[in-house]
Structures are given as C-alpha cells and as structure tokens.
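Below is one structure; the comments refer to it alone.
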Amino acid sequence: MAYHFDFGAILDYTPVLIKGIAITGELIGIGAVIGVAVGIACAWARTFGPAWLRPPVSAYVELMRNTPFLVQLFFIFFGLPSLGIKLTEMEGAIIAMVVNLGAYSTEIIRAGIQATPRGVIEAGSSLAMTRLQVFRYVILKPALQRIWPALSSQIVIVMLGSAVCSQIAVEELTFAANFIQSRTFRAFETYFVVTGIYLLLAVLLRQLLRALGWWLFPKKAVR
Amino acid sequence: MSEFTTWDILRNLLLSARWTILLSLTAFVCGGVCGMIVLMVRTGRASWLRSVAAGYIELFQGTPLLMQLFLAFFGLSLAGFDVPPWLAAALALTLWTGAFLAEIWRGCVESISKGQWEASSSLAMGYLQQMRYVILPQALRIAVPPTVGFSVQVIKGTALTSIIGFIELSKASTMLTNATFRPFTVYAFVALIYFALCWPLSKASQALERKLNVAHHGH
C-alpha cells in the first residue's frame, strides 16, 4: 500500500494555523508574566515571609509539581464550576498555566534567592534601605539574573505544555491541528507540520527570553 | 441506571491507576535504555553522530509530548501497522524519556574531570571501556537524584496518553465524570492519586541529592 503525502491540503488552512499560533502566544504571554509574578511572591513567602504563610505555600508548590498539568486543567475547568466558579475556556487555561508555572518558578527563584551572599543583605541594610528595598534591589534582581536560564527553560516547557489546553476547547495551535486533520483526514501531515511549528516557536521563545535577559540584566552577575 | 458511590469512584480510579504505573515503568525502563544509547552517541567520538544525537534531543525536548503522541499514533498507522493506543503511547513516551535522560546524563558525564578521560586513555582503553569502567561508575552516582526526579515527569507525562485513547488514570477520570456528573470529586481524587505516586519520588530525589552534597563536602 503506497501512501501519498499531501502537504498542500494543509496549506489551505494557513489562516487557521496562524490564529492558533496567536492564541498559543497569548496563552504563554499572559501565563508567563503572571506566573513568574506568582513565583516571585511565593518565593518571597518561603524565604522572608511570615512563618504562618510558609506551610500553605509549600503545600501549593508540592501539589502542583506532583500532579499532571492535564488534571490541573480539568480540575479548574470542569471541577470548579460545581463550586459556583464559572470560567471561560481561555480563563481556565490561563489560570491553569499561571498556577502551574507559579509553582515551578517558586522553586527556581527560591534557589536563586538562597544563593544570595549574607554580606550583600547586610550591606543593603547598612545603607538604610527598608526591608522591601533590600529585597527588591539587593536580593531579587541578582537572584533572577542567576536563575534566568532555568526560568527561561521552564517557560518554554510550559509553552509546549499548553498544547493540552486544546482539550478544553481553547482554540490554540493543537486545537487548530485537530480541526485541520478532521477536515482533511491528513492526520500525519497536519501533526508533522504543527510539530515543526512548535519546534520553531520553542527556539524563537528561547531566543526572545535570552534577549530579554540581556535587556533586564545588562551588568554581569554578582557571584 | 446504577448509582455511583464515592467509594465506587475511588475504586475505579485506583484500578485504572495500575495502567498509569505500568505505562510509567515501561516508558522509564525502555526510555532508560534509549537514553543510554543516545548518551553514548552524544558523547562519542564521531562528530556527525554527535550532531544527530543533539538533533534528536532538541527535537524531542522542543516539541510538545502531545504532538509526539499524535505522530506516533497516526504515523505508525500510515506505515500499515494497526496501532493500539498503548503501543503508540509506550513508543512516544520511550523516545521522549530517552531524549531527556540522555541530556540529564550527559551533564553528569561532562562533570567528570577531563583527567579521568586522559588517564584512562593513556591506559590504552577504548571509548566503550573508558565509559564502562571509568566514567559511568562515577557519573551514574551523580545521576541518581535527577533521574529519580525525572521519573516524576514520566508519570505526569502518561496523563497525556488519555488523549489518544489509552485508558489509564486520566482517561478513567474523564469517563467517570461523564457517568457521575461529579467532576470536582473525581478530579480531586485523581490529583491525589497522582500526588501519592509522584511525591515520594520527588522527596526521594531531594533526599538523595542532599546526601550526595554532604558526601562531596566531606572530601
């Protein structure tokens, strides 16, 4: 049996693919910014926060890191409505990505914060900086610089993980792929092309984050 | 229509968790073999083979696991095989695990000092002998904590196989939700079962890492 590959059929659906790419971009754009913000807040809570705040934050981090993203997504999108919290697909997907990335980035950022030399914090305090100023300028920024590569790869992993959001009917790239293959019956060609697009997006996102790193941290790291 | 009690839900979920465990073990063992081969090629002598291995790792780390599952599922059936979901799932997860483990282990191999390579090479050892007797025994010791840590990713990865129709814990939860209309209970249980599987491994990985660090500081 000879199978004839037909990639032309997929080209007809370029606008669908472009829309899918745009929504995947939207998901990771919003998810990454809020997710890293959650990560910073939780990392602060686990290192300098009040003692009562640490156990719940640890529990959140452990729970998210040890359950699959798919289950988190289903729990948020299908489970929460029975508590009266109704979400659109897009909201559900973004919340799932935020809580997921938030947990992973907490651990990454915390590692960066804990690598801060003691003397640097004391030097900050001796300059009459408030605790918040010390955290913001002396601890956080160098910490983020130290762990930027690890954080970047985590963001790329979450972007690739967003493929799962198609399962709650968010019209992102994988959803577009499923749509195209159901119309053309060209499953292999469609997924082949879309896998290539994901690879390209991953490379692009990595470069973008590297450039962002240069822009955010122009000076060399203090070790 | 029969009524589902909470116990029925939990019992069915626990039964389906067997398949999650079985698939995780298969993927981890086969992926380990695959990863070892890729590692040998990636750190080997032939430079073109090294680039092939690097490309393989980049391809599997840079694309969603879900796409790899779809390609395995639809690609194999194009080749004329009648692919059951479990086979496509095991194949895709094996290749995916292999890529990640190869990269993790490469880091460990490269952390072994160059002097070890030079010394063993001066003893007229071939590449495979060097790996077998000198490098791997040292590298694998460092490799244990991150490898155990990655097994958590494998277990979580198996959840995606529900999408190509392999009936494991996640697929069972979707089916149970459809039958019981109690998504909150079902997905909460599922999350707890995954947590019960993954958390001990995460903790073990952390404990092993601490132990290794203490050993290093002792020198």
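Following the order of the structure tokens, first chain is A, next is B, and so on, with residues numbered from 1 inside each chain and ligands from 1 in the order they appear.
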Inset, instruction - Kindly provide, as a PyMOL selection string, the residues of chain A having any atom no farther than 9 Å from an atom of chain B, counting only C-alpha atoms. - result: chain A and resi 1+3+62-72+74-76+78-83+156-157+159-164+167+174+187-189+191-192+194-203
Give me a file of those residues, with N, CA and C atoms, as a compact mmCIF listing (two decimals), in the first residue's frame.
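Okay, part32.txt is ready:
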# COMPACT_ATOMS: atom_id res chain seq x y z
N MET A 1 0.84 -1.20 0.00
CA MET A 1 0.00 0.00 0.00
C MET A 1 0.87 1.24 0.00
N TYR A 3 1.27 5.21 0.33
CA TYR A 3 0.55 6.37 0.84
C TYR A 3 1.15 7.61 0.21
N GLU A 62 4.19 21.90 46.21
CA GLU A 62 4.33 20.45 46.11
C GLU A 62 3.18 19.83 45.34
N LEU A 63 1.97 20.33 45.60
CA LEU A 63 0.80 19.77 44.93
C LEU A 63 0.87 19.99 43.42
N MET A 64 1.28 21.19 43.01
CA MET A 64 1.33 21.50 41.58
C MET A 64 2.45 20.74 40.88
N ARG A 65 3.57 20.59 41.59
CA ARG A 65 4.72 19.95 40.95
C ARG A 65 4.55 18.45 40.84
N ASN A 66 3.62 17.88 41.60
CA ASN A 66 3.48 16.43 41.60
C ASN A 66 2.16 15.94 41.01
N THR A 67 1.47 16.80 40.26
CA THR A 67 0.28 16.34 39.54
C THR A 67 0.39 16.80 38.09
N PRO A 68 -0.23 16.05 37.15
CA PRO A 68 -0.11 16.41 35.74
C PRO A 68 -0.88 17.69 35.42
N PHE A 69 -0.34 18.44 34.47
CA PHE A 69 -0.99 19.69 34.04
C PHE A 69 -2.41 19.42 33.53
N LEU A 70 -2.57 18.30 32.85
CA LEU A 70 -3.89 17.95 32.30
C LEU A 70 -4.94 17.85 33.41
N VAL A 71 -4.57 17.22 34.52
CA VAL A 71 -5.50 17.07 35.63
C VAL A 71 -5.78 18.42 36.29
N GLN A 72 -4.75 19.25 36.41
CA GLN A 72 -4.95 20.59 36.96
C GLN A 72 -5.94 21.38 36.11
N PHE A 74 -8.24 20.17 34.01
CA PHE A 74 -9.59 19.61 34.12
C PHE A 74 -10.23 19.98 35.45
N PHE A 75 -9.43 19.95 36.51
CA PHE A 75 -9.97 20.29 37.82
C PHE A 75 -10.46 21.74 37.82
N ILE A 76 -9.65 22.63 37.25
CA ILE A 76 -10.03 24.04 37.24
C ILE A 76 -11.23 24.29 36.33
N PHE A 78 -13.44 21.93 34.77
CA PHE A 78 -14.65 21.14 34.97
C PHE A 78 -15.05 21.04 36.44
N GLY A 79 -14.05 21.07 37.33
CA GLY A 79 -14.33 20.86 38.75
C GLY A 79 -14.83 22.10 39.46
N LEU A 80 -14.19 23.25 39.19
CA LEU A 80 -14.54 24.47 39.92
C LEU A 80 -15.97 24.95 39.67
N PRO A 81 -16.54 24.77 38.46
CA PRO A 81 -17.92 25.24 38.27
C PRO A 81 -18.90 24.65 39.29
N SER A 82 -18.63 23.44 39.82
CA SER A 82 -19.55 22.88 40.81
C SER A 82 -19.45 23.62 42.15
N LEU A 83 -18.40 24.44 42.31
CA LEU A 83 -18.33 25.33 43.48
C LEU A 83 -18.90 26.70 43.14
N VAL A 156 9.58 27.79 28.49
CA VAL A 156 9.44 27.05 27.22
C VAL A 156 8.67 25.75 27.45
N ILE A 157 8.98 25.06 28.56
CA ILE A 157 8.27 23.80 28.87
C ILE A 157 6.77 24.06 29.03
N MET A 159 5.09 26.51 27.69
CA MET A 159 4.53 26.83 26.37
C MET A 159 4.20 25.53 25.63
N LEU A 160 5.15 24.56 25.66
CA LEU A 160 4.89 23.29 24.98
C LEU A 160 3.73 22.55 25.66
N GLY A 161 3.64 22.68 26.98
CA GLY A 161 2.57 22.03 27.72
C GLY A 161 1.21 22.60 27.38
N SER A 162 1.17 23.85 26.88
CA SER A 162 -0.11 24.49 26.58
C SER A 162 -0.85 23.77 25.46
N ALA A 163 -0.16 22.85 24.77
CA ALA A 163 -0.83 22.04 23.74
C ALA A 163 -2.04 21.33 24.33
N VAL A 164 -1.95 20.99 25.62
CA VAL A 164 -3.02 20.26 26.29
C VAL A 164 -4.30 21.09 26.40
N GLN A 167 -7.68 20.47 24.87
CA GLN A 167 -8.64 19.51 25.42
C GLN A 167 -9.83 20.17 26.10
N THR A 174 -2.73 23.40 18.85
CA THR A 174 -3.10 21.98 18.77
C THR A 174 -4.57 21.82 18.41
N ALA A 187 -4.05 13.35 8.90
CA ALA A 187 -3.60 13.46 10.29
C ALA A 187 -2.09 13.60 10.38
N PHE A 188 -1.37 12.70 9.69
CA PHE A 188 0.08 12.69 9.87
C PHE A 188 0.70 14.00 9.39
N GLU A 189 0.29 14.43 8.18
CA GLU A 189 0.86 15.66 7.63
C GLU A 189 0.57 16.84 8.55
N TYR A 191 -0.10 16.94 11.85
CA TYR A 191 0.66 16.94 13.10
C TYR A 191 2.15 17.13 12.84
N PHE A 192 2.62 16.66 11.68
CA PHE A 192 4.02 16.85 11.32
C PHE A 192 4.32 18.34 11.19
N VAL A 194 2.53 20.88 12.35
CA VAL A 194 2.32 21.61 13.60
C VAL A 194 3.44 21.33 14.60
N THR A 195 3.96 20.09 14.60
CA THR A 195 5.11 19.80 15.46
C THR A 195 6.29 20.69 15.07
N GLY A 196 6.48 20.84 13.74
CA GLY A 196 7.54 21.74 13.26
C GLY A 196 7.33 23.16 13.73
N ILE A 197 6.07 23.61 13.70
CA ILE A 197 5.78 24.98 14.15
C ILE A 197 6.11 25.12 15.64
N TYR A 198 5.74 24.11 16.43
CA TYR A 198 6.06 24.15 17.87
C TYR A 198 7.57 24.23 18.09
N LEU A 199 8.31 23.45 17.31
CA LEU A 199 9.78 23.46 17.46
C LEU A 199 10.30 24.87 17.19
N LEU A 200 9.76 25.47 16.14
CA LEU A 200 10.17 26.83 15.76
C LEU A 200 9.80 27.82 16.87
N LEU A 201 8.58 27.67 17.41
CA LEU A 201 8.14 28.55 18.48
C LEU A 201 9.04 28.41 19.71
N ALA A 202 9.44 27.16 20.00
CA ALA A 202 10.29 26.93 21.17
C ALA A 202 11.64 27.62 20.98
N VAL A 203 12.22 27.48 19.78
CA VAL A 203 13.52 28.12 19.51
C VAL A 203 13.37 29.64 19.60
Neighbouring residues of Phe77 of chain A were defined as those with any atom within 7 Å, considering only C-alpha atoms; residues of the same chain fewer than 4 positions away were excluded. Please report them as a PDB file with N, CA and C atoms, in the first residue's frame.
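Final file, part_22.pdb:
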ATOM      1  N   LEU A  73      -5.740  21.257  34.788  1.00  0.00           N
ATOM      2  CA  LEU A  73      -6.607  21.961  33.846  1.00  0.00           C
ATOM      3  C   LEU A  73      -8.053  21.485  33.969  1.00  0.00           C
ATOM      4  N   LEU A  87     -15.821  29.585  34.505  1.00  0.00           N
ATOM      5  CA  LEU A  87     -14.722  30.190  33.762  1.00  0.00           C
ATOM      6  C   LEU A  87     -14.921  29.932  32.273  1.00  0.00           C
ATOM      7  N   GLY A  92      -9.858  29.557  32.049  1.00  0.00           N
ATOM      8  CA  GLY A  92      -9.445  28.307  32.681  1.00  0.00           C
ATOM      9  C   GLY A  92      -8.017  27.948  32.307  1.00  0.00           C
TER      10      GLY A  92
END
Legend entry - Top pick for closest residue to Ile113 of chain A, considering A:Trp215, A:Tyr137, A:Trp44, A:Phe7 and counting only C-alpha atoms: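 Among the listed residues, A:Trp44 lies closest to Ile113 of chain A.
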Legend entry - Non-local contacts of Ser16 of chain B (8 Å; only C-alpha atoms; under 2 positions in same chain excluded) as number ranges by chain: B: 12-14, 18-20, 167-169, 172
For the residues selected in the previous step, produce a file with N, CA and C atoms as a CSV table (one decimal), in the first residue's frame.
chain,number,residue,atom,x,y,z
B,12,ASN,N,-12.7,2.6,41.2
B,12,ASN,CA,-12.4,2.5,39.7
B,12,ASN,C,-11.2,3.3,39.4
B,13,LEU,N,-11.0,4.4,40.0
B,13,LEU,CA,-9.8,5.2,39.7
B,13,LEU,C,-8.5,4.5,40.1
B,14,LEU,N,-8.6,3.8,41.3
B,14,LEU,CA,-7.4,3.1,41.8
B,14,LEU,C,-7.1,1.9,40.8
B,18,ARG,N,-3.4,1.4,37.9
B,18,ARG,CA,-2.5,0.3,37.6
B,18,ARG,C,-1.8,0.5,36.2
B,19,TRP,N,-2.7,1.0,35.3
B,19,TRP,CA,-2.2,1.2,33.9
B,19,TRP,C,-1.2,2.4,33.8
B,20,THR,N,-1.5,3.4,34.6
B,20,THR,CA,-0.6,4.5,34.7
B,20,THR,C,0.8,4.0,35.2
B,167,ILE,N,-6.6,3.9,28.1
B,167,ILE,CA,-7.4,4.1,29.3
B,167,ILE,C,-6.5,3.9,30.5
B,168,GLU,N,-6.0,5.0,31.1
B,168,GLU,CA,-5.3,5.0,32.3
B,168,GLU,C,-6.0,5.9,33.3
B,169,LEU,N,-5.3,6.4,34.3
B,169,LEU,CA,-6.0,7.2,35.3
B,169,LEU,C,-6.8,8.4,34.8
B,172,ALA,N,-9.8,7.4,32.6
B,172,ALA,CA,-10.8,6.8,33.5
B,172,ALA,C,-11.5,8.0,34.2
Inset, instruction - To one decimal in Å, tell me the separation between atom CA of Thr106 of chain A and atom CA of Leu212 of chain A. - result: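 Separating atom CA of Thr106 of chain A from atom CA of Leu212 of chain A is a distance of 19.7 Å.
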Inset, instruction - Determine which residues of segment 24-194 of chain A receive a DSSP assignment of alpha helix (DSSP H), computed from the backbone, and state them as a ChimeraX atom specification. - result: /A:24-47,54-65,69-74,89-114,118-126,131-133,141-161,173-184,187-194
